[in-house]
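J.: So that you have it, the file is my_file04.cif, and it contains mmCIF, C-alpha atoms and all ligand atoms:
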```cif
data_protein
loop_
_atom_site.label_atom_id
_atom_site.label_comp_id
_atom_site.auth_asym_id
_atom_site.auth_seq_id
_atom_site.Cartn_x
_atom_site.Cartn_y
_atom_site.Cartn_z
CA MET A 197 0.00 0.00 0.00
CA VAL A 198 1.66 3.22 -1.17
CA GLY A 199 0.79 6.72 0.03
CA ALA A 200 -1.75 5.47 2.55
CA VAL A 201 -1.65 4.07 6.03
CA CYS A 202 -2.21 0.35 6.05
CA PRO A 203 -4.92 -0.29 8.68
CA VAL A 204 -3.67 -3.81 9.32
CA ARG A 205 -0.18 -2.46 10.09
CA VAL A 206 -1.57 0.26 12.39
CA ALA A 207 -3.67 -2.31 14.23
CA ALA A 208 -0.64 -4.55 14.64
CA LEU A 209 1.45 -1.75 16.13
CA MET A 210 -1.31 -0.70 18.50
CA TRP A 211 -1.80 -4.30 19.54
CA TRP A 212 1.84 -4.60 20.52
CA ARG A 213 1.74 -1.32 22.41
CA HIS A 214 -1.01 -2.65 24.66
CA ALA A 215 -0.02 -6.28 24.66
CA TYR A 216 2.11 -6.16 27.79
CA ARG A 217 -0.60 -4.45 29.85
CA TRP A 218 -3.01 -7.17 28.82
CA MET A 219 -0.47 -9.90 29.60
CA TYR A 220 0.19 -8.60 33.11
CA ARG A 221 -3.53 -8.11 33.70
CA THR A 222 -4.36 -11.65 32.68
CA GLY A 223 -1.30 -13.35 34.15
CA ARG A 224 0.09 -14.43 30.78
CA THR A 225 3.70 -13.61 31.68
CA PRO A 226 5.77 -16.72 30.93
CA TRP A 227 9.01 -14.75 31.29
CA ASP A 228 8.24 -13.84 34.89
CA THR A 229 9.94 -16.85 36.46
CA GLY A 230 11.36 -15.08 39.49
CA VAL A 231 14.76 -16.47 38.55
CA THR A 232 17.70 -14.46 37.25
CA PRO A 233 19.00 -16.03 34.01
CA PRO A 234 22.35 -17.84 34.27
CA GLU A 235 23.88 -15.53 31.68
CA VAL A 236 23.28 -12.57 33.98
CA VAL A 237 24.58 -14.52 36.97
CA GLU A 238 27.73 -15.32 34.99
CA LEU A 239 28.27 -11.65 34.20
CA ILE A 240 27.76 -10.58 37.80
CA GLU A 241 29.28 -13.48 39.73
CA GLY A 242 31.37 -15.48 37.25
CA PRO A 243 35.15 -15.63 36.94
CA ALA A 244 35.23 -12.30 35.07
CA ALA A 245 32.60 -10.70 37.30
CA LEU A 246 31.99 -7.01 36.82
CA VAL A 247 32.91 -4.58 39.54
CA PRO A 248 29.58 -3.36 40.97
CA GLY A 249 28.54 0.10 39.93
CA ARG A 250 25.26 1.61 38.74
CA THR A 251 22.90 -0.47 36.67
CA LEU A 252 19.71 0.11 34.74
CA ASP A 253 17.27 -2.68 33.86
CA LEU A 254 15.14 -1.59 30.90
CA GLY A 255 11.79 -3.35 30.75
CA CYS A 256 12.41 -4.67 34.26
CA GLY A 257 9.03 -6.36 34.62
CA THR A 258 8.36 -7.37 38.23
CA GLY A 259 11.88 -6.50 39.33
CA THR A 260 13.49 -9.91 39.81
CA ASN A 261 16.75 -8.79 38.24
CA VAL A 262 16.73 -5.35 39.85
CA ARG A 263 16.55 -7.10 43.19
CA TYR A 264 19.27 -9.59 42.21
CA LEU A 265 21.62 -6.83 41.09
CA ALA A 266 21.04 -4.73 44.22
CA GLU A 267 21.68 -7.76 46.38
CA HIS A 268 25.00 -8.18 44.59
CA GLY A 269 26.28 -4.73 45.37
CA TRP A 270 24.91 -2.71 42.47
CA GLU A 271 22.91 0.47 42.71
CA ALA A 272 20.01 -0.79 40.61
CA THR A 273 17.23 1.05 38.81
CA GLY A 274 14.48 -0.62 36.80
CA VAL A 275 12.13 0.96 34.27
CA ASP A 276 8.92 -0.52 32.94
CA ALA A 277 5.91 0.94 31.18
CA VAL A 278 3.28 -1.26 32.79
CA PRO A 279 1.92 -0.05 36.13
CA ALA A 280 1.04 -3.58 37.28
CA ALA A 281 4.63 -4.71 36.73
CA ILE A 282 6.01 -1.70 38.58
CA ASP A 283 3.61 -2.30 41.48
CA ARG A 284 4.82 -5.89 41.82
CA ALA A 285 8.43 -4.81 41.49
CA THR A 286 7.98 -2.20 44.20
CA ALA A 287 6.62 -4.88 46.52
CA LYS A 288 9.47 -7.24 45.60
CA LEU A 289 12.07 -4.59 46.37
CA GLY A 290 10.72 -3.74 49.81
CA GLY A 291 13.63 -3.52 52.23
CA VAL A 292 16.30 -3.93 49.55
CA ALA A 293 18.87 -1.13 49.70
CA ASN A 294 19.97 0.66 46.54
CA ALA A 295 17.10 -0.62 44.40
CA ARG A 296 14.25 1.28 42.84
CA VAL A 297 11.88 1.09 39.93
CA VAL A 298 10.41 3.82 37.77
CA LEU A 299 7.26 3.75 35.66
CA GLY A 300 7.99 4.95 32.16
CA ASP A 301 8.66 4.28 28.52
CA VAL A 302 12.22 3.29 27.70
CA THR A 303 12.00 5.13 24.38
CA GLU A 304 11.48 8.36 26.33
CA ILE A 305 13.99 7.68 29.03
CA GLU A 306 15.45 11.16 29.18
CA ARG A 307 12.07 12.33 30.52
CA LEU A 308 12.22 10.03 33.53
CA GLY A 309 14.72 12.05 35.53
CA LEU A 310 17.20 9.22 35.85
CA ALA A 311 20.64 10.44 36.80
CA GLY A 312 23.37 8.83 34.75
CA PRO A 313 25.85 7.65 34.05
CA PHE A 314 25.23 3.92 34.37
CA ASP A 315 27.87 1.22 34.10
CA LEU A 316 25.64 -1.65 33.03
CA VAL A 317 22.33 -1.66 31.16
CA LEU A 318 20.33 -4.87 31.12
CA ASP A 319 17.45 -5.57 28.77
CA ILE A 320 15.79 -8.94 28.89
CA GLY A 321 13.08 -9.10 26.31
CA CYS A 322 12.16 -5.44 25.98
CA PHE A 323 14.15 -4.07 23.05
CA HIS A 324 13.21 -6.96 20.76
CA SER A 325 9.49 -6.33 21.12
CA MET A 326 9.74 -2.64 20.37
CA GLU A 327 8.47 -1.25 17.10
CA ARG A 328 11.48 -0.73 14.88
CA ARG A 329 10.76 2.94 14.32
CA ARG A 330 11.02 3.53 18.08
CA ARG A 331 14.36 1.79 18.51
CA PRO A 332 16.57 4.81 17.62
CA ALA A 333 14.99 6.72 20.51
CA TYR A 334 15.81 3.81 22.82
CA VAL A 335 19.42 3.81 21.60
CA ALA A 336 19.73 7.58 22.07
CA GLY A 337 18.45 7.28 25.62
CA VAL A 338 20.85 4.50 26.50
CA VAL A 339 23.74 6.49 25.02
CA SER A 340 22.79 9.56 27.03
CA LEU A 341 22.75 7.61 30.29
CA THR A 342 25.89 5.50 29.99
CA ARG A 343 29.53 6.22 30.50
CA PRO A 344 32.24 5.21 28.03
CA GLY A 345 33.12 1.59 28.73
CA ALA A 346 29.66 0.76 30.05
CA LEU A 347 28.14 -2.57 29.05
CA LEU A 348 24.77 -3.23 27.47
CA PHE A 349 23.47 -6.80 27.84
CA ILE A 350 20.37 -7.59 25.78
CA PHE A 351 18.40 -10.81 25.45
CA ALA A 352 16.47 -10.80 22.18
CA PHE A 353 14.52 -13.12 19.96
CA ALA A 354 15.52 -13.45 16.32
CA ARG A 355 13.17 -11.93 13.80
CA ARG A 356 11.43 -14.65 11.88
CA GLY A 357 10.76 -12.93 8.58
CA ALA A 358 11.42 -9.45 7.23
CA LEU A 359 7.85 -8.27 7.75
CA ARG A 360 7.52 -9.46 11.32
CA PRO A 361 7.64 -6.64 13.89
CA LEU A 362 9.21 -8.71 16.63
CA GLY A 363 12.84 -9.66 17.07
CA VAL A 364 16.26 -8.53 15.93
CA THR A 365 19.02 -9.61 13.60
CA SER A 366 22.68 -9.73 14.59
CA SER A 367 23.49 -7.10 12.04
CA GLU A 368 20.80 -4.78 13.42
CA MET A 369 22.26 -5.24 16.88
CA ALA A 370 25.66 -4.16 15.59
CA THR A 371 24.58 -1.28 13.37
CA GLY A 372 21.65 -0.02 15.44
CA PHE A 373 23.92 0.89 18.35
CA ALA A 374 26.89 2.11 16.30
CA PRO A 375 29.04 4.10 16.70
CA TRP A 376 28.26 4.45 20.40
CA PHE A 377 28.33 0.76 21.24
CA GLU A 378 30.42 -2.02 19.76
CA PRO A 379 29.50 -5.69 19.95
CA VAL A 380 31.82 -7.64 22.24
CA GLY A 381 29.99 -10.91 22.72
CA ARG A 382 27.01 -13.01 21.69
CA ILE A 383 25.66 -16.03 23.50
CA ARG A 384 23.32 -18.36 21.68
CA GLY A 385 19.99 -19.00 23.33
CA THR A 386 17.99 -22.18 22.98
CA SER A 387 14.45 -20.96 23.28
CA PRO A 388 13.02 -19.90 20.99
CA PRO A 389 15.38 -20.83 18.15
CA GLY A 390 17.64 -17.94 17.17
CA ALA A 391 17.31 -16.08 20.46
CA ALA A 392 20.57 -14.68 21.78
CA TRP A 393 22.23 -12.56 24.42
CA TYR A 394 24.11 -9.60 22.96
CA LEU A 395 26.88 -7.89 24.91
CA LEU A 396 27.89 -4.45 23.67
CA ARG A 397 30.39 -2.02 25.11
CA ARG A 398 30.07 1.77 25.05
CA ALA A 399 32.78 3.33 22.94
CA SER A 400 35.01 6.09 24.20
CA ALA A 401 33.74 9.58 24.68
CA THR A 402 32.61 11.60 21.68
CA PRO A 403 32.28 15.39 21.48
CA SER A 404 28.59 15.02 22.28
CA ASP A 405 29.28 12.77 25.22
CA PRO A 406 29.42 14.70 28.47
CA GLN A 407 30.29 11.67 30.58
CA ALA A 408 33.82 11.34 31.89
CA GLU A 409 35.58 8.04 32.51
CA SER A 410 34.94 8.42 36.20
CA ARG A 411 32.63 5.55 37.04
CA PRO A 412 33.84 2.30 38.60
CA GLY A 413 35.58 0.16 36.02
CA SER A 414 34.17 -3.06 34.64
CA ARG A 415 36.75 -5.74 35.09
CA GLY A 416 34.88 -8.12 32.85
CA ALA A 417 34.28 -5.70 30.02
CA THR A 418 36.59 -7.52 27.66
CA HIS A 419 35.58 -10.94 28.94
CA PRO A 420 31.99 -11.60 28.00
CA PRO A 421 30.36 -14.72 29.40
CA SER A 422 31.40 -17.92 27.72
CA PRO A 423 30.06 -18.02 24.16
CA ALA A 424 29.51 -21.71 24.70
CA ALA A 425 26.79 -20.92 27.17
CA SER A 426 23.23 -21.15 26.00
CA SER A 427 19.93 -20.08 27.36
CA SER A 428 16.47 -21.44 27.52
CA HIS A 429 15.24 -18.19 29.00
CA ASP A 430 11.74 -17.56 27.82
CA SER A 431 11.48 -13.82 27.47
CA GLY A 432 8.99 -11.70 25.66
CA PRO A 433 5.75 -12.06 23.91
CA HIS A 434 5.74 -14.87 21.43
CA ASP A 435 5.12 -13.90 17.87
CA PRO A 436 1.54 -14.97 17.42
CA GLY A 437 2.13 -15.56 13.77
CA ALA A 438 5.03 -17.90 14.36
C1 LIG B 1 9.36 -9.98 28.22
S1 LIG B 1 9.11 -8.86 29.51
C2 LIG B 1 10.58 -9.11 30.43
C3 LIG B 1 10.53 -8.52 31.81
C4 LIG B 1 11.81 -8.68 32.59
N1 LIG B 1 12.93 -8.09 31.88
C5 LIG B 1 12.08 -10.13 32.89
O1 LIG B 1 12.99 -10.71 32.31
O2 LIG B 1 11.35 -10.69 33.72
C6 LIG B 1 9.41 -7.30 28.70
C7 LIG B 1 9.10 -6.13 29.58
O3 LIG B 1 9.39 -4.94 28.86
C8 LIG B 1 8.41 -3.98 29.16
N2 LIG B 1 8.35 -3.01 28.06
C9 LIG B 1 8.09 -3.25 26.76
N3 LIG B 1 8.16 -2.13 26.04
C10 LIG B 1 8.48 -1.14 26.92
C11 LIG B 1 8.72 0.25 26.79
N4 LIG B 1 8.64 0.86 25.61
N5 LIG B 1 9.04 0.95 27.90
C12 LIG B 1 9.14 0.35 29.10
N6 LIG B 1 8.92 -0.98 29.29
C13 LIG B 1 8.61 -1.70 28.20
C14 LIG B 1 7.12 -4.78 29.32
O4 LIG B 1 6.14 -4.12 30.08
C15 LIG B 1 7.66 -6.05 30.00
O5 LIG B 1 7.59 -5.96 31.40
#
```
Can the structure in the file be given as structure tokens, please?
T.:
Amino acid sequence: MVGAVCPVRVAALMWWRHAYRWMYRTGRTPWDTGVTPPEVVELIEGPAALVPGRTLDLGCGTGTNVRYLAEHGWEATGVDAVPAAIDRATAKLGGVANARVVLGDVTEIERLGLAGPFDLVLDIGCFHSMERRRRPAYVAGVVSLTRPGALLFIFAFARRGALRPLGVTSSEMATGFAPWFEPVGRIRGTSPPGAAWYLLRRASATPSDPQAESRPGSRGATHPPSPAASSSHDSGPHDPGA
């Protein structure tokens, strides 16, 4: 359809925008296991464990990983757009020091009053479900809130077909974050097929980058988790057309 808005496409985008609210309302949240994925545990506690600093969990859901990170010495902030998820996360974080969650859209993150810079950004199943036209705003927000050398760790499904809205390709993960982030590791997932963990590192400061290299260093920055590792983490809405 040229020169007109395809109603099927508009309906699809609107459906995805509201899908997560519906899933939390109806309890259809298969990703919400209450368990931190082993790939994250490896990054935080493994042989090349990162030095704790400030971390941001984008699309934090009910806060399982915000809590885990805070309990492992990080100053942890989670962001999610669904009030029901934030309510559950707030309850889960009761009594945990250095942990908080914020209601908001990760493609408008500069509006949320978060004080950067962050040393580690985690995204388990959020970026991959975002409409592609909104992804540059997500990238800009992450860039604005991270220091040079910071790590970005994203779990994403593979896109199954050029016209499907969900998922990512490896090349998109490399080019979509360039030149601010460079890929430094990829861990194959097992469920669903093609899913993967992407580790990217923030490049050095640019003229538009006000952040200095003053945050705690990340000892493991050049040592991503073992590429041999795999994940069966079930994260994100399943493509209904798959
Ligand atoms: C598959 S769930 C994963 C939740 C959590 N990361 C976990 O592993 O349990 C994806 C989460 O991203 C959130 N999300 C999706 N798009 C978002 C957006 N634009 N802004 C903020 N949160 C978003 C959803 O509400 C949902 O909680």
J.: Could you check how far CA of Ala245 in chain A sits from CA of Glu306 in chain A, in Å to one decimal?
T.: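 Atom-to-atom, CA of Ala245 in chain A to CA of Glu306 in chain A, that is 28.9 Å.
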J.: Give me, please, the distance in Å between CA of Gly259 in chain A and CA of Arg398 in chain A, quoted to one decimal.
T.: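 Value for the CA of Gly259 in chain A-CA of Arg398 in chain A distance: 24.6 Å.
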J.: For each of A:Gly312, A:Gly291, A:Gly321, A:Pro344, take the minimum atom-to-atom distance to ligand LIG 1 (chain B), counting all atoms listed in the file, then give the residue where this is smallest.
T.: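 Closest candidate: A:Gly321.
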J.: Kindly provide, as JSON, the centre and edge lengths (Å, one decimal) of an axis-aligned box around all atoms of range 218-231 of chain A given in the file, with 4 Å on each side.
T.:
```
{"center_x": 5.2, "center_y": -12.0, "center_z": 34.2, "size_x": 27.1, "size_y": 17.7, "size_z": 18.7}
```
J.: Here is a test: counting all atoms listed in the file, which residue of A:Leu239, A:Ala272, A:Ile282, A:Ala293 is nearest to ligand LIG 1 (chain B)?
T.: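 Nearest to ligand LIG 1 (chain B): A:Ile282.
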J.: With only C-alpha atoms as the basis for distance, which of A:Leu348, A:Gly337, A:Thr260, A:Ile320 is at the shortest distance from Ala392 in chain A?
T.: A:Ile320
J.: Which residues, protein or nucleic acid, reach to within 12 Å of (20.7, 2.3, 14.4) in the file's coordinates when using all atoms listed in the file, and can you give that as a PyMOL selection string?
T.: chain A and resi 328-336+339+364+367-378
J.: For C-alpha atoms, I'd like the residues from the last selection saved as an mmCIF file, in the coordinates of the input.
T.:
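Generated file (again.cif):
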```cif
data_model
loop_
_atom_site.group_PDB
_atom_site.id
_atom_site.type_symbol
_atom_site.label_atom_id
_atom_site.label_comp_id
_atom_site.auth_asym_id
_atom_site.auth_seq_id
_atom_site.Cartn_x
_atom_site.Cartn_y
_atom_site.Cartn_z
ATOM 1 C CA ARG A 328 11.480 -0.730 14.880
ATOM 2 C CA ARG A 329 10.760 2.940 14.320
ATOM 3 C CA ARG A 330 11.020 3.530 18.080
ATOM 4 C CA ARG A 331 14.360 1.790 18.510
ATOM 5 C CA PRO A 332 16.570 4.810 17.620
ATOM 6 C CA ALA A 333 14.990 6.720 20.510
ATOM 7 C CA TYR A 334 15.810 3.810 22.820
ATOM 8 C CA VAL A 335 19.420 3.810 21.600
ATOM 9 C CA ALA A 336 19.730 7.580 22.070
ATOM 10 C CA VAL A 339 23.740 6.490 25.020
ATOM 11 C CA VAL A 364 16.260 -8.530 15.930
ATOM 12 C CA SER A 367 23.490 -7.100 12.040
ATOM 13 C CA GLU A 368 20.800 -4.780 13.420
ATOM 14 C CA MET A 369 22.260 -5.240 16.880
ATOM 15 C CA ALA A 370 25.660 -4.160 15.590
ATOM 16 C CA THR A 371 24.580 -1.280 13.370
ATOM 17 C CA GLY A 372 21.650 -0.020 15.440
ATOM 18 C CA PHE A 373 23.920 0.890 18.350
ATOM 19 C CA ALA A 374 26.890 2.110 16.300
ATOM 20 C CA PRO A 375 29.040 4.100 16.700
ATOM 21 C CA TRP A 376 28.260 4.450 20.400
ATOM 22 C CA PHE A 377 28.330 0.760 21.240
ATOM 23 C CA GLU A 378 30.420 -2.020 19.760
#
```
J.: Give me, please, the distance in Å between CA of Pro233 in chain A and CA of Leu308 in chain A, quoted to one decimal.
T.: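 A separation of 26.9 Å between them.
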J.: I need the residue nearest Leu316 in chain A from this list: A:Asp276, A:Glu304, A:Asp283, A:Glu271. Use all atoms listed in the file for the distance.
T.: A:Glu271
J.: Please extract the residues at most 7 Å from ligand LIG 1 (chain B), counting only C-alpha atoms and all ligand atoms, and provide them as a PyMOL selection string, using the chain letters and residue numbers of this document.
T.: chain A and resi 216-217+227-229+254-258+260+275-278+281+300-303+319-323+325-326+431-433
J.: Would you please work out which residue, of A:Arg356, A:Arg284, A:Arg384, A:Arg343, is nearest to Arg250 in chain A when using only C-alpha atoms?
T.: A:Arg343
J.: Give the answer as one residue: which of A:Leu347, A:Thr365, A:Ala399, A:Gly274 has the shortest atom-to-atom distance to Gly381 in chain A, using only C-alpha atoms?
T.: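 Looking at the shortest contact to Gly381 in chain A, the residue is A:Leu347.
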J.: How would you write as a list in words the residues that get within 8 Å of (13.8, -14.1, 17.5) in the file's frame, counting all atoms listed in the file?
T.: His324, Ala352, Phe353, Ala354, Arg355, Arg356, Leu362, Gly363, Val364, Thr365, Pro388, Pro389, Gly390 and Ala391 of chain A
J.: Any chance you could export the current selection's C-alpha atoms as an mmCIF file, keeping the file's coordinate frame?
T.:
```cif
data_model
loop_
_atom_site.group_PDB
_atom_site.id
_atom_site.type_symbol
_atom_site.label_atom_id
_atom_site.label_comp_id
_atom_site.auth_asym_id
_atom_site.auth_seq_id
_atom_site.Cartn_x
_atom_site.Cartn_y
_atom_site.Cartn_z
ATOM 1 C CA HIS A 324 13.210 -6.960 20.760
ATOM 2 C CA ALA A 352 16.470 -10.800 22.180
ATOM 3 C CA PHE A 353 14.520 -13.120 19.960
ATOM 4 C CA ALA A 354 15.520 -13.450 16.320
ATOM 5 C CA ARG A 355 13.170 -11.930 13.800
ATOM 6 C CA ARG A 356 11.430 -14.650 11.880
ATOM 7 C CA LEU A 362 9.210 -8.710 16.630
ATOM 8 C CA GLY A 363 12.840 -9.660 17.070
ATOM 9 C CA VAL A 364 16.260 -8.530 15.930
ATOM 10 C CA THR A 365 19.020 -9.610 13.600
ATOM 11 C CA PRO A 388 13.020 -19.900 20.990
ATOM 12 C CA PRO A 389 15.380 -20.830 18.150
ATOM 13 C CA GLY A 390 17.640 -17.940 17.170
ATOM 14 C CA ALA A 391 17.310 -16.080 20.460
#
```
